[in-house]
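**Student:** Following this line is target-v9.cif, made up of mmCIF, C-alpha atoms and all ligand atoms:
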data_data
#
loop_
_atom_site.label_atom_id
_atom_site.label_comp_id
_atom_site.auth_asym_id
_atom_site.auth_seq_id
_atom_site.Cartn_x
_atom_site.Cartn_y
_atom_site.Cartn_z
CA MET A 1 -7.67 19.20 17.82
CA TYR A 2 -6.83 20.01 14.20
CA LYS A 3 -5.99 23.46 12.87
CA LYS A 4 -9.09 23.98 10.71
CA ILE A 5 -9.13 24.67 6.98
CA ILE A 6 -11.97 27.02 6.10
CA ASN A 7 -14.11 27.07 2.96
CA LYS A 8 -12.34 24.40 0.96
CA THR A 9 -13.57 21.23 -0.67
CA ILE A 10 -11.61 18.00 -0.97
CA MET A 11 -12.58 15.01 -3.09
CA ILE A 12 -11.60 11.60 -1.72
CA LEU A 13 -11.63 8.68 -4.14
CA GLY A 14 -12.96 5.57 -2.46
CA ALA A 15 -15.22 5.04 0.55
CA SER A 16 -13.97 1.65 1.72
CA ILE A 17 -12.42 0.95 5.13
CA LEU A 18 -9.05 1.93 3.58
CA GLN A 19 -10.15 5.51 2.92
CA LEU A 20 -12.26 5.91 6.06
CA PRO A 21 -9.43 7.60 8.05
CA ALA A 22 -8.97 10.19 5.28
CA ILE A 23 -12.71 10.91 5.14
CA GLU A 24 -12.90 11.33 8.92
CA ILE A 25 -9.79 13.50 9.20
CA ALA A 26 -10.91 15.69 6.27
CA ARG A 27 -14.24 16.23 8.00
CA ASP A 28 -12.49 16.97 11.32
CA LEU A 29 -10.33 19.54 9.52
CA GLY A 30 -13.55 21.41 8.71
CA LEU A 31 -13.44 20.68 4.98
CA ASN A 32 -16.34 20.08 2.66
CA VAL A 33 -15.76 16.44 1.74
CA VAL A 34 -16.90 14.84 -1.51
CA VAL A 35 -16.53 11.05 -1.51
CA LEU A 36 -16.67 8.84 -4.59
CA ASP A 37 -17.31 5.11 -4.65
CA MET A 38 -19.26 2.75 -6.91
CA ASN A 39 -20.62 0.88 -3.88
CA PRO A 40 -23.52 2.86 -2.36
CA ASN A 41 -23.18 0.84 0.87
CA ALA A 42 -19.45 1.55 1.32
CA ILE A 43 -18.60 2.28 4.96
CA GLY A 44 -17.10 5.71 4.21
CA PHE A 45 -20.49 6.95 3.02
CA SER A 46 -21.79 6.60 6.57
CA VAL A 47 -19.63 9.52 7.80
CA PRO A 48 -22.10 12.33 8.54
CA GLY A 49 -22.01 15.59 6.58
CA ILE A 50 -20.15 14.42 3.47
CA SER A 51 -21.33 14.67 -0.17
CA LYS A 52 -21.64 11.30 -1.85
CA GLU A 53 -21.07 10.43 -5.51
CA ILE A 54 -21.84 6.86 -6.59
CA ILE A 55 -19.10 6.65 -9.21
CA SER A 56 -16.31 4.13 -9.69
CA THR A 57 -12.93 5.45 -8.57
CA ILE A 58 -11.47 4.32 -11.91
CA ASP A 59 -14.21 5.87 -14.09
CA ILE A 60 -12.04 8.85 -15.05
CA PRO A 61 -14.56 10.86 -17.18
CA ALA A 62 -17.34 10.57 -14.56
CA ALA A 63 -14.96 11.42 -11.69
CA VAL A 64 -13.63 14.47 -13.57
CA GLU A 65 -17.22 15.68 -14.15
CA ALA A 66 -18.03 15.26 -10.45
CA ALA A 67 -14.85 17.18 -9.51
CA LYS A 68 -15.91 20.09 -11.76
CA LYS A 69 -19.47 20.04 -10.42
CA HIS A 70 -18.28 20.33 -6.80
CA HIS A 71 -15.60 22.97 -7.59
CA ILE A 72 -13.08 21.01 -5.56
CA ASP A 73 -9.83 22.49 -4.23
CA GLY A 74 -7.97 19.21 -3.83
CA VAL A 75 -8.18 15.50 -4.63
CA MET A 76 -6.62 12.39 -3.10
CA THR A 77 -6.99 8.69 -2.44
CA LEU A 78 -5.48 6.54 0.26
CA ALA A 79 -3.58 3.29 -0.19
CA THR A 80 -5.10 2.15 -3.48
CA ASP A 81 -3.22 2.12 -6.77
CA MET A 82 -5.48 2.42 -9.80
CA PRO A 83 -7.48 5.44 -8.53
CA MET A 84 -4.16 7.36 -8.66
CA ARG A 85 -4.71 7.63 -12.41
CA THR A 86 -8.07 9.28 -11.69
CA VAL A 87 -6.42 11.62 -9.14
CA ALA A 88 -3.89 12.64 -11.83
CA ALA A 89 -6.61 13.26 -14.45
CA ILE A 90 -8.67 15.36 -12.04
CA ALA A 91 -5.61 17.32 -10.88
CA LYS A 92 -4.73 18.08 -14.50
CA THR A 93 -8.24 19.12 -15.58
CA CYS A 94 -8.98 21.19 -12.47
CA GLN A 95 -5.38 22.52 -12.19
CA LEU A 96 -4.88 21.12 -8.70
CA ILE A 97 -1.88 19.67 -6.92
CA GLY A 98 -1.36 16.00 -7.66
CA VAL A 99 0.89 13.64 -9.55
CA SER A 100 1.10 13.98 -13.34
CA GLU A 101 -0.59 11.39 -15.54
CA ASP A 102 2.89 10.16 -16.50
CA THR A 103 3.79 9.59 -12.84
CA ALA A 104 0.44 7.90 -12.26
CA ILE A 105 1.29 5.36 -14.99
CA LYS A 106 4.85 4.87 -13.75
CA THR A 107 3.57 4.11 -10.26
CA THR A 108 0.73 1.75 -11.24
CA ASP A 109 2.20 -0.20 -14.16
CA LYS A 110 5.16 -2.31 -13.02
CA SER A 111 6.72 -2.54 -16.49
CA ALA A 112 6.62 1.27 -16.99
CA MET A 113 7.91 1.64 -13.42
CA ARG A 114 10.85 -0.70 -13.99
CA GLU A 115 11.69 1.18 -17.22
CA ALA A 116 11.70 4.58 -15.44
CA LEU A 117 13.81 3.24 -12.57
CA LYS A 118 16.28 1.62 -14.95
CA MET A 119 16.65 4.85 -16.98
CA ALA A 120 17.41 6.76 -13.77
CA GLY A 121 19.94 4.20 -12.56
CA VAL A 122 17.92 3.23 -9.48
CA PRO A 123 18.84 -0.31 -8.30
CA ILE A 124 16.31 -2.92 -9.51
CA PRO A 125 16.41 -6.64 -10.33
CA LYS A 126 16.87 -7.85 -13.90
CA TYR A 127 13.42 -7.82 -15.51
CA PHE A 128 11.56 -8.42 -18.76
CA ARG A 129 8.28 -7.03 -20.07
CA VAL A 130 6.31 -9.91 -21.57
CA THR A 131 3.24 -9.73 -23.81
CA ASP A 132 3.20 -13.17 -25.46
CA ILE A 133 4.58 -16.70 -25.21
CA GLY A 134 7.58 -15.91 -27.41
CA GLU A 135 8.64 -13.06 -25.11
CA LEU A 136 7.94 -15.27 -22.10
CA ASN A 137 10.28 -17.99 -23.35
CA ALA A 138 12.97 -15.47 -24.24
CA ALA A 139 12.73 -13.91 -20.76
CA VAL A 140 12.80 -17.26 -18.97
CA ASN A 141 15.89 -18.30 -20.94
CA CYS A 142 17.73 -15.26 -19.56
CA MET A 143 16.90 -16.12 -15.95
CA VAL A 144 19.30 -17.95 -13.68
CA GLY A 145 17.73 -19.64 -10.65
CA SER A 146 14.34 -18.59 -9.26
CA PHE A 147 12.33 -15.75 -10.73
CA MET A 148 9.01 -13.99 -10.25
CA ILE A 149 6.15 -13.79 -12.74
CA LYS A 150 3.64 -11.04 -12.00
CA PRO A 151 0.90 -8.98 -13.61
CA SER A 152 2.09 -5.52 -14.60
CA ASP A 153 -0.87 -3.59 -13.25
CA SER A 154 -2.38 -5.45 -10.34
CA SER A 155 -1.86 -5.12 -6.57
CA GLY A 156 -2.34 -6.88 -3.22
CA SER A 157 -0.08 -9.78 -4.32
CA ARG A 158 -2.75 -10.93 -6.79
CA GLY A 159 -1.43 -13.00 -9.70
CA ILE A 160 2.14 -13.20 -8.36
CA LEU A 161 4.13 -16.43 -8.33
CA LYS A 162 7.73 -17.34 -7.62
CA VAL A 163 8.96 -19.90 -10.12
CA ASP A 164 11.60 -22.42 -9.02
CA ASP A 165 10.64 -25.16 -11.42
CA ARG A 166 10.44 -24.29 -15.11
CA THR A 167 7.67 -26.79 -15.80
CA VAL A 168 5.21 -24.39 -14.12
CA VAL A 169 6.18 -21.32 -16.18
CA GLN A 170 3.19 -21.58 -18.51
CA ASP A 171 0.73 -21.88 -15.60
CA ALA A 172 2.37 -19.01 -13.71
CA TYR A 173 2.17 -16.87 -16.85
CA GLU A 174 -1.55 -17.62 -17.34
CA TYR A 175 -2.17 -16.93 -13.65
CA ALA A 176 -0.37 -13.56 -13.82
CA ARG A 177 -2.07 -12.65 -17.10
CA SER A 178 -5.50 -13.36 -15.63
CA TYR A 179 -4.88 -10.47 -13.19
CA SER A 180 -3.24 -8.12 -15.70
CA LYS A 181 -5.61 -5.47 -17.06
CA ASN A 182 -3.30 -4.37 -19.87
CA GLY A 183 -2.19 -7.91 -20.72
CA ILE A 184 1.43 -7.18 -19.77
CA VAL A 185 3.29 -9.54 -17.46
CA VAL A 186 6.65 -8.89 -15.82
CA VAL A 187 9.27 -11.62 -15.39
CA GLU A 188 11.99 -10.65 -12.95
CA GLU A 189 14.87 -11.98 -10.99
CA CYS A 190 13.95 -13.12 -7.49
CA MET A 191 15.64 -10.87 -4.95
CA ILE A 192 16.71 -12.46 -1.69
CA GLY A 193 16.86 -10.56 1.59
CA PRO A 194 14.73 -8.75 4.15
CA GLU A 195 11.92 -6.58 2.83
CA VAL A 196 11.04 -3.07 3.98
CA SER A 197 8.76 -0.26 2.92
CA VAL A 198 9.62 3.41 3.06
CA GLU A 199 6.91 5.96 3.77
CA THR A 200 7.73 9.37 2.31
CA MET A 201 6.04 12.71 1.84
CA ALA A 202 7.04 15.16 -0.88
CA PHE A 203 6.28 18.84 -0.82
CA GLU A 204 7.27 21.20 -3.63
CA GLY A 205 9.79 18.70 -4.99
CA LYS A 206 11.48 17.80 -1.69
CA VAL A 207 11.02 14.17 -0.66
CA GLN A 208 11.18 13.47 3.08
CA VAL A 209 11.34 9.98 4.60
CA ILE A 210 8.88 9.69 7.47
CA GLN A 211 9.48 6.07 8.49
CA VAL A 212 11.03 2.79 7.33
CA THR A 213 8.95 -0.33 8.02
CA ASP A 214 10.08 -3.97 8.28
CA LYS A 215 7.74 -6.36 6.49
CA THR A 216 7.01 -10.07 6.89
CA THR A 217 5.15 -12.03 4.23
CA THR A 218 3.84 -15.56 3.76
CA GLY A 219 6.88 -16.08 1.53
CA ALA A 220 6.66 -18.22 -1.60
CA PRO A 221 4.59 -18.72 -3.58
CA HIS A 222 2.26 -15.74 -2.98
CA PHE A 223 4.21 -13.29 -0.74
CA VAL A 224 1.19 -11.85 1.06
CA GLU A 225 2.03 -9.36 3.80
CA MET A 226 1.47 -10.84 7.28
CA GLY A 227 2.97 -8.09 9.41
CA HIS A 228 4.78 -4.76 9.53
CA SER A 229 6.80 -3.09 12.28
CA GLN A 230 8.49 0.27 12.80
CA PRO A 231 11.12 1.58 12.95
CA SER A 232 13.10 -0.82 10.78
CA ARG A 233 15.54 -2.95 12.74
CA LEU A 234 17.95 -3.20 9.79
CA LYS A 235 21.38 -1.58 9.99
CA CYS A 236 21.43 -0.13 6.47
CA VAL A 237 18.47 2.23 6.93
CA GLU A 238 20.35 5.21 5.46
CA SER A 239 21.06 3.44 2.15
CA ILE A 240 17.44 2.25 2.06
CA LYS A 241 16.26 5.86 2.41
CA GLU A 242 18.59 7.01 -0.39
CA VAL A 243 17.28 4.38 -2.80
CA ALA A 244 13.66 5.27 -1.94
CA ILE A 245 14.25 8.98 -2.54
CA ALA A 246 15.98 8.22 -5.86
CA ALA A 247 12.99 6.07 -6.89
CA ASN A 248 10.55 8.89 -6.03
CA LYS A 249 12.55 11.27 -8.21
CA ALA A 250 12.79 8.73 -11.06
CA VAL A 251 9.01 8.42 -11.37
CA GLY A 252 8.45 12.17 -10.86
CA ILE A 253 6.74 12.41 -7.47
CA GLU A 254 6.93 16.09 -6.43
CA ASN A 255 3.99 16.53 -4.09
CA GLY A 256 2.29 14.00 -1.85
CA PRO A 257 3.03 10.62 -0.37
CA SER A 258 4.74 7.52 -1.59
CA HIS A 259 5.07 3.96 -0.38
CA THR A 260 8.25 2.31 -1.67
CA GLU A 261 8.86 -1.41 -1.24
CA ILE A 262 12.49 -2.51 -1.12
CA ILE A 263 14.37 -5.80 -0.70
CA VAL A 264 17.81 -5.51 0.86
CA THR A 265 19.89 -7.91 -1.25
CA GLU A 266 23.57 -8.80 -0.87
CA GLU A 267 24.22 -6.11 -3.50
CA GLY A 268 22.28 -3.54 -1.48
CA PRO A 269 18.68 -2.27 -1.44
CA LYS A 270 16.70 -2.77 -4.66
CA ILE A 271 13.19 -1.59 -5.49
CA VAL A 272 10.28 -4.05 -5.53
CA GLU A 273 7.78 -1.31 -6.45
CA LEU A 274 6.52 2.11 -5.39
CA GLY A 275 3.11 3.77 -5.29
CA ALA A 276 2.44 7.53 -5.25
CA ARG A 277 0.10 7.00 -2.36
CA LEU A 278 0.03 6.28 1.35
CA GLY A 279 0.95 2.76 2.45
CA GLY A 280 -1.91 0.37 3.20
CA ASP A 281 -2.19 -2.37 5.83
CA CYS A 282 -2.62 0.39 8.48
CA ILE A 283 1.04 1.42 7.98
CA THR A 284 0.37 5.11 7.42
CA THR A 285 -2.98 5.42 9.18
CA HIS A 286 -1.95 3.66 12.41
CA LEU A 287 1.70 2.54 12.63
CA VAL A 288 3.35 5.83 11.58
CA PRO A 289 1.36 7.94 14.10
CA LEU A 290 2.09 5.36 16.84
CA SER A 291 5.85 5.33 16.15
CA THR A 292 6.53 8.96 15.09
CA GLY A 293 3.47 11.04 15.98
CA VAL A 294 3.32 12.24 12.35
CA ASN A 295 -0.15 12.29 10.84
CA MET A 296 0.54 11.38 7.22
CA VAL A 297 -3.13 11.33 6.28
CA GLU A 298 -3.60 14.91 7.48
CA SER A 299 -0.38 15.90 5.68
CA CYS A 300 -1.61 14.28 2.50
CA ILE A 301 -4.87 16.28 2.69
CA ARG A 302 -3.01 19.55 3.40
CA ILE A 303 -0.58 18.98 0.50
CA ALA A 304 -3.49 18.22 -1.87
CA LEU A 305 -4.88 21.63 -0.89
CA GLY A 306 -1.51 23.38 -1.36
CA GLU A 307 -0.76 23.82 2.35
CA GLN A 308 2.61 23.10 3.92
CA PRO A 309 2.36 19.92 6.04
CA ASP A 310 3.83 19.49 9.54
CA LEU A 311 6.08 16.45 9.25
CA SER A 312 8.12 16.83 12.43
CA PRO A 313 8.17 13.70 14.61
CA THR A 314 6.85 14.05 18.14
CA LEU A 315 7.41 10.43 19.25
CA GLN A 316 10.18 7.82 19.07
CA CYS A 317 8.35 4.56 19.71
CA GLY A 318 7.84 1.19 18.08
CA SER A 319 4.64 0.01 16.40
CA ALA A 320 3.53 -3.20 14.72
CA ILE A 321 0.64 -4.96 12.99
CA ARG A 322 0.35 -8.74 12.83
CA TYR A 323 -2.29 -10.72 10.91
CA PHE A 324 -3.98 -13.88 12.23
CA LYS A 325 -2.60 -17.24 11.18
CA GLN A 326 -5.38 -19.12 9.38
CA HIS A 327 -6.28 -22.13 7.28
CA ARG A 328 -9.09 -23.14 4.97
CA GLY A 329 -12.52 -23.66 6.58
CA ILE A 330 -15.47 -21.94 8.23
CA VAL A 331 -14.80 -19.66 11.20
CA LYS A 332 -16.61 -21.38 14.07
CA SER A 333 -15.69 -19.10 16.98
CA ILE A 334 -13.41 -16.24 17.98
CA ASP A 335 -12.76 -15.76 21.71
CA GLY A 336 -10.47 -13.56 23.73
CA VAL A 337 -10.74 -10.32 21.74
CA ASP A 338 -11.69 -8.27 24.82
CA ALA A 339 -8.86 -9.86 26.84
CA ALA A 340 -6.39 -9.04 24.03
CA LEU A 341 -7.56 -5.43 23.98
CA GLN A 342 -6.75 -5.18 27.71
CA LEU A 343 -3.11 -6.18 27.14
CA GLN A 344 -0.48 -3.49 27.45
CA GLY A 345 0.19 -1.56 24.26
CA ILE A 346 -2.57 -3.19 22.20
CA LYS A 347 -4.25 -0.44 20.19
CA GLN A 348 -6.62 -2.36 17.95
CA VAL A 349 -8.00 -5.81 17.19
CA SER A 350 -9.89 -6.13 13.91
CA ILE A 351 -11.79 -9.12 12.57
CA VAL A 352 -12.22 -8.82 8.81
CA HIS A 353 -13.74 -12.27 8.17
CA GLY A 354 -15.69 -13.32 11.25
CA VAL A 355 -17.78 -16.19 12.63
CA GLY A 356 -19.74 -18.04 9.94
CA GLU A 357 -17.54 -16.88 7.07
CA THR A 358 -15.68 -19.28 4.81
CA ILE A 359 -11.99 -18.52 4.67
CA THR A 360 -8.97 -19.93 2.84
CA GLU A 361 -5.24 -20.01 3.38
CA VAL A 362 -3.79 -16.56 2.82
CA THR A 363 -3.36 -16.25 -0.94
CA ASP A 364 -3.79 -12.49 -1.30
CA SER A 365 -4.30 -9.59 1.07
CA SER A 366 -8.10 -9.66 0.93
CA SER A 367 -8.19 -13.24 2.23
CA ARG A 368 -6.61 -12.30 5.60
CA MET A 369 -9.13 -12.79 8.42
CA GLY A 370 -7.95 -10.10 10.83
CA PHE A 371 -5.15 -8.31 12.63
CA VAL A 372 -3.86 -6.74 15.84
CA ILE A 373 -1.95 -3.47 16.23
CA ALA A 374 0.41 -2.59 19.10
CA GLN A 375 2.68 0.18 20.28
CA GLY A 376 5.85 -0.40 22.34
CA LYS A 377 9.02 1.38 23.36
CA ASP A 378 10.66 -0.06 20.23
CA ALA A 379 9.81 -2.37 17.31
CA ASN A 380 10.74 -5.53 19.25
CA GLU A 381 8.36 -4.71 22.06
CA ALA A 382 5.54 -3.79 19.67
CA VAL A 383 5.96 -7.10 17.79
CA GLU A 384 6.05 -9.09 21.05
CA ARG A 385 2.85 -7.38 22.18
CA CYS A 386 1.14 -8.28 18.89
CA GLU A 387 2.23 -11.91 19.24
CA LEU A 388 0.89 -12.04 22.79
CA ALA A 389 -2.45 -10.63 21.63
CA LEU A 390 -2.63 -13.19 18.80
CA ASP A 391 -1.95 -15.98 21.31
CA THR A 392 -4.71 -14.63 23.55
CA ILE A 393 -7.31 -14.68 20.76
CA LYS A 394 -8.56 -18.22 20.16
CA VAL A 395 -9.91 -18.78 16.65
CA GLU A 396 -11.66 -22.03 15.80
CA ILE A 397 -11.84 -22.85 12.10
CA LEU A 398 -13.68 -26.02 11.03
N1 LIG B 401 11.60 -9.60 -7.79
C1 LIG B 401 11.20 -9.99 -6.59
N2 LIG B 401 12.02 -10.69 -5.78
C2 LIG B 401 11.62 -11.15 -4.56
N3 LIG B 401 10.39 -10.94 -4.06
C3 LIG B 401 9.51 -10.23 -4.82
C4 LIG B 401 9.86 -9.72 -6.11
N4 LIG B 401 8.79 -9.10 -6.63
C5 LIG B 401 7.81 -9.23 -5.71
N5 LIG B 401 8.24 -9.90 -4.62
C6 LIG B 401 7.45 -10.23 -3.42
O1 LIG B 401 6.06 -10.22 -3.74
C7 LIG B 401 5.38 -9.16 -3.05
C8 LIG B 401 4.34 -8.53 -3.94
O2 LIG B 401 4.95 -8.03 -5.11
P1 LIG B 401 4.69 -6.56 -5.65
O3 LIG B 401 5.53 -6.37 -6.85
O4 LIG B 401 4.87 -5.60 -4.54
O5 LIG B 401 3.17 -6.63 -6.12
P2 LIG B 401 1.81 -6.03 -5.51
O6 LIG B 401 1.50 -4.86 -6.37
O7 LIG B 401 0.83 -7.12 -5.67
O8 LIG B 401 2.08 -5.63 -4.09
C9 LIG B 401 6.49 -8.20 -2.63
O9 LIG B 401 6.11 -7.44 -1.50
C10 LIG B 401 7.64 -9.15 -2.35
O10 LIG B 401 7.50 -9.77 -1.09
MG MG B 402 3.62 -4.45 -3.40
#
For this file, produce the structure as structure tokens.
Ligand SMILES: Nc1ncnc2c1ncn2[C@@H]1O[C@H](COP(=O)(O)OP(=O)(O)O)[C@@H](O)[C@H]1O
Ligand SMILES: [Mg+2]
**Tutor:**
Amino acid sequence: MYKKIINKTIMILGASILQLPAIEIARDLGLNVVVLDMNPNAIGFSVPGISKEIISTIDIPAAVEAAKKHHIDGVMTLATDMPMRTVAAIAKTCQLIGVSEDTAIKTTDKSAMREALKMAGVPIPKYFRVTDIGELNAAVNCMVGSFMIKPSDSSGSRGILKVDDRTVVQDAYEYARSYSKNGIVVVEECMIGPEVSVETMAFEGKVQVIQVTDKTTTGAPHFVEMGHSQPSRLKCVESIKEVAIAANKAVGIENGPSHTEIIVTEEGPKIVELGARLGGDCITTHLVPLSTGVNMVESCIRIALGEQPDLSPTLQCGSAIRYFKQHRGIVKSIDGVDAALQLQGIKQVSIVHGVGETITEVTDSSSRMGFVIAQGKDANEAVERCELALDTIKVEIL
């Protein structure tokens, strides 16, 4: 079904469930596929015909050596942040297409990101870079109302807290710092409004918006994503797209994907953050193809190899993902999955933490126990179909 690419080798960083679609599509494109992961039992390693390297995706020197050894023609990762720094180092050493090391920092370190966006005049909330208690107190004194404290270089909502009550500032700071690899914490104004993400693809310096996604989260205090739907139902989609493109330019993304998170405040859209990578939570692997027909993963692989991608939409539908509601306990039983899969428009039901596993409330994205994905004629229908599937699946947690 794919137009094949002959005699080329792509390296994919990561072999977890997140990267599995990239590994499978690369193989279906006829490529030699080299996959790197520190976990020898990672699911992506079970794809037949690939070359495996048991190396951490953030071990830059070892990954660069492996890239040289395999004489790769392109390198990519899917939906994870820190390996982007490895992608940039490999692209530089092997003279391949990929983001620069500077862009890799500006898209994985929230304080460097905020700085770059501010310099370029892209709308952002008021923020402070904090490295010690003195800077923390100075930042907090400049805040009016609620604010966020978050680690500069983490992801998946880990270490993030909204602070309404100043007596918890110290605890929130320690919590954020415990997830910060470089010790930097960001204190920023809390933006109020609906949240979206913008999926883009750049090729030779031109950034194209593929889809805008509405997001729902658990809200305060942890803001873990609980659902996404496409296309966005907001009225100001054009101004959202403009801000996302400006943010891409500000951090220097010229080739490849980006996932830009935006909150639409009373003053207009402002950037939460952006990654020079495909969106996770099945947004780019499942929702974008279901709503537009565009295969962003294939495009990402083609761009990494220097080929022009086909980004023209072939569909105008709605798509949605919704995560299970859950509470602390042990999963006793899950019934109704087959019945849910029979419902109209339901494309997937996935159980991440199943029967016998101990689960918690949702505090970060890895704690979510499962999800359903649906397609509909528009976003409303896709969301309704997800909700119906969730109601059909009976989960008992004791
Ligand atoms: N300044 C802010 N104002 C309001 N909500 C925010 C702000 N910063 C983060 N959030 C919320 O927290 C979530 C996670 O924050 P984010 O900066 O994207 O970190 P992560 O890298 O963990 O995804 C966002 O998707 C958003 O819902
Ligand atoms: Mg985020």
**Student:** Please tell me which residues are no farther than 12 Å from (1.7, -3.9, 4.6) in the file, counting only C-alpha atoms, and write them as number ranges by chain.
**Tutor:** A: 79, 155-157, 195-199, 212-218, 223-230, 259-261, 278-287, 320-323, 364-366, 368, 371
**Student:** Wanna dump the region 262-364 of chain A-region 25-37 of chain A contacts at 10 Å for me, each residue with its shortest atom pair and the distance in Å to one decimal, counting all atoms listed in the file, ordered by chain and number, as JSON lines?
**Tutor:**
{"residue": "A:Asn295", "atom": "CA", "partner": "A:Ile25", "partner_atom": "CA", "distance": 9.9}
{"residue": "A:Val297", "atom": "CA", "partner": "A:Ile25", "partner_atom": "CA", "distance": 7.6}
{"residue": "A:Glu298", "atom": "CA", "partner": "A:Ile25", "partner_atom": "CA", "distance": 6.6}
{"residue": "A:Ile301", "atom": "CA", "partner": "A:Ala26", "partner_atom": "CA", "distance": 7.0}
{"residue": "A:Arg302", "atom": "CA", "partner": "A:Ala26", "partner_atom": "CA", "distance": 9.2}
**Student:** Taking all atoms listed in the file into account, name the residue in A:Val99, A:Met76, A:Val186, A:Ile90 that is nearest to Ile60 (chain A).
**Tutor:**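 Smallest separation from Ile60 (chain A) among the options: A:Ile90.
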**Student:** Work out how far apart CA of Asn7 (chain A) and CA of Gln19 (chain A) are and give it in Å to one decimal.
**Tutor:**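 CA of Gln19 (chain A) lies 21.9 Å from CA of Asn7 (chain A).
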**Student:** Between CA of Val130 (chain A) and CA of Thr265 (chain A), what is the distance in Å, rounded to a tenth?
**Tutor:**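 Interatomic distance, CA of Val130 (chain A) to CA of Thr265 (chain A): 24.5 Å.
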**Student:** Can you tell me, as an NGL selection string, what residues are no more than 9 Å from Val209 (chain A) when counting all atoms listed in the file, ignoring any on the same chain fewer than 6 positions away?
**Tutor:** :A and (198-202 or 241 or 244-245)
**Student:** Point out the residue among A:Val272, A:Ile5, A:Leu290, A:Met296 with the least atom-to-atom distance to ligand LIG 401 (chain B), counting all atoms listed in the file.
**Tutor:** A:Val272
**Student:** Find the spatial neighbours of region 307-318 of chain A, counting only C-alpha atoms, within a cut-off of 6 Å - ignore same-chain residues fewer than 5 positions away - and output them as a PyMOL selection string.
**Tutor:** chain A and resi 230+291-294+299+302+375-379+382
**Student:** List as a count of residues only the protein and nucleic acid residues near Glu188 (chain A), meaning an atom at most 6 Å away when only C-alpha atoms are counted, but skip any in the same chain fewer than 4 places from it.
**Tutor:** 4
**Student:** Using all atoms listed in the file, which of A:Thr108, A:Glu361, A:Ala374, A:Gly336 sits nearest Gln348 (chain A)?
**Tutor:**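 Selected residue with least distance to Gln348 (chain A): A:Ala374.
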**Student:** Which residue, A:Lys110, A:His70, A:Lys249, A:Lys3, has the smallest gap to ligand MG 402 (chain B) when you use all atoms listed in the file?
**Tutor:**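 The closest residue to ligand MG 402 (chain B) is A:Lys110.
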**Student:** CA of Ile393 (chain A) to CA of Gln344 (chain A): how many Å, to one decimal?
**Tutor:** 14.7 Å
**Student:** Put region 379-390 of chain A into a file with N, CA and C atoms, as a PDB file, in the first residue's frame.
**Tutor:**
ATOM      1  N   ALA A 379     -16.227  16.078  15.265  1.00  0.00           N
ATOM      2  CA  ALA A 379     -15.636  15.851  16.588  1.00  0.00           C
ATOM      3  C   ALA A 379     -16.694  15.469  17.616  1.00  0.00           C
ATOM      4  N   ASN A 380     -17.869  16.143  17.558  1.00  0.00           N
ATOM      5  CA  ASN A 380     -18.926  15.840  18.532  1.00  0.00           C
ATOM      6  C   ASN A 380     -19.314  14.372  18.477  1.00  0.00           C
ATOM      7  N   GLU A 381     -19.513  13.874  17.261  1.00  0.00           N
ATOM      8  CA  GLU A 381     -19.938  12.479  17.132  1.00  0.00           C
ATOM      9  C   GLU A 381     -18.839  11.527  17.617  1.00  0.00           C
ATOM     10  N   ALA A 382     -17.597  11.847  17.291  1.00  0.00           N
ATOM     11  CA  ALA A 382     -16.487  10.976  17.721  1.00  0.00           C
ATOM     12  C   ALA A 382     -16.406  10.927  19.250  1.00  0.00           C
ATOM     13  N   VAL A 383     -16.581  12.094  19.898  1.00  0.00           N
ATOM     14  CA  VAL A 383     -16.525  12.143  21.369  1.00  0.00           C
ATOM     15  C   VAL A 383     -17.693  11.341  21.960  1.00  0.00           C
ATOM     16  N   GLU A 384     -18.896  11.551  21.395  1.00  0.00           N
ATOM     17  CA  GLU A 384     -20.067  10.803  21.898  1.00  0.00           C
ATOM     18  C   GLU A 384     -19.841   9.294  21.785  1.00  0.00           C
ATOM     19  N   ARG A 385     -19.241   8.878  20.684  1.00  0.00           N
ATOM     20  CA  ARG A 385     -19.000   7.447  20.483  1.00  0.00           C
ATOM     21  C   ARG A 385     -17.996   6.915  21.515  1.00  0.00           C
ATOM     22  N   CYS A 386     -16.989   7.717  21.828  1.00  0.00           N
ATOM     23  CA  CYS A 386     -16.030   7.312  22.873  1.00  0.00           C
ATOM     24  C   CYS A 386     -16.740   7.161  24.210  1.00  0.00           C
ATOM     25  N   GLU A 387     -17.597   8.153  24.532  1.00  0.00           N
ATOM     26  CA  GLU A 387     -18.290   8.128  25.830  1.00  0.00           C
ATOM     27  C   GLU A 387     -19.188   6.886  25.934  1.00  0.00           C
ATOM     28  N   LEU A 388     -19.845   6.560  24.825  1.00  0.00           N
ATOM     29  CA  LEU A 388     -20.714   5.379  24.818  1.00  0.00           C
ATOM     30  C   LEU A 388     -19.879   4.114  25.045  1.00  0.00           C
ATOM     31  N   ALA A 389     -18.723   4.050  24.416  1.00  0.00           N
ATOM     32  CA  ALA A 389     -17.845   2.881  24.587  1.00  0.00           C
ATOM     33  C   ALA A 389     -17.372   2.794  26.037  1.00  0.00           C
ATOM     34  N   LEU A 390     -17.022   3.942  26.626  1.00  0.00           N
ATOM     35  CA  LEU A 390     -16.559   3.929  28.028  1.00  0.00           C
ATOM     36  C   LEU A 390     -17.679   3.466  28.959  1.00  0.00           C
TER      37      LEU A 390
END
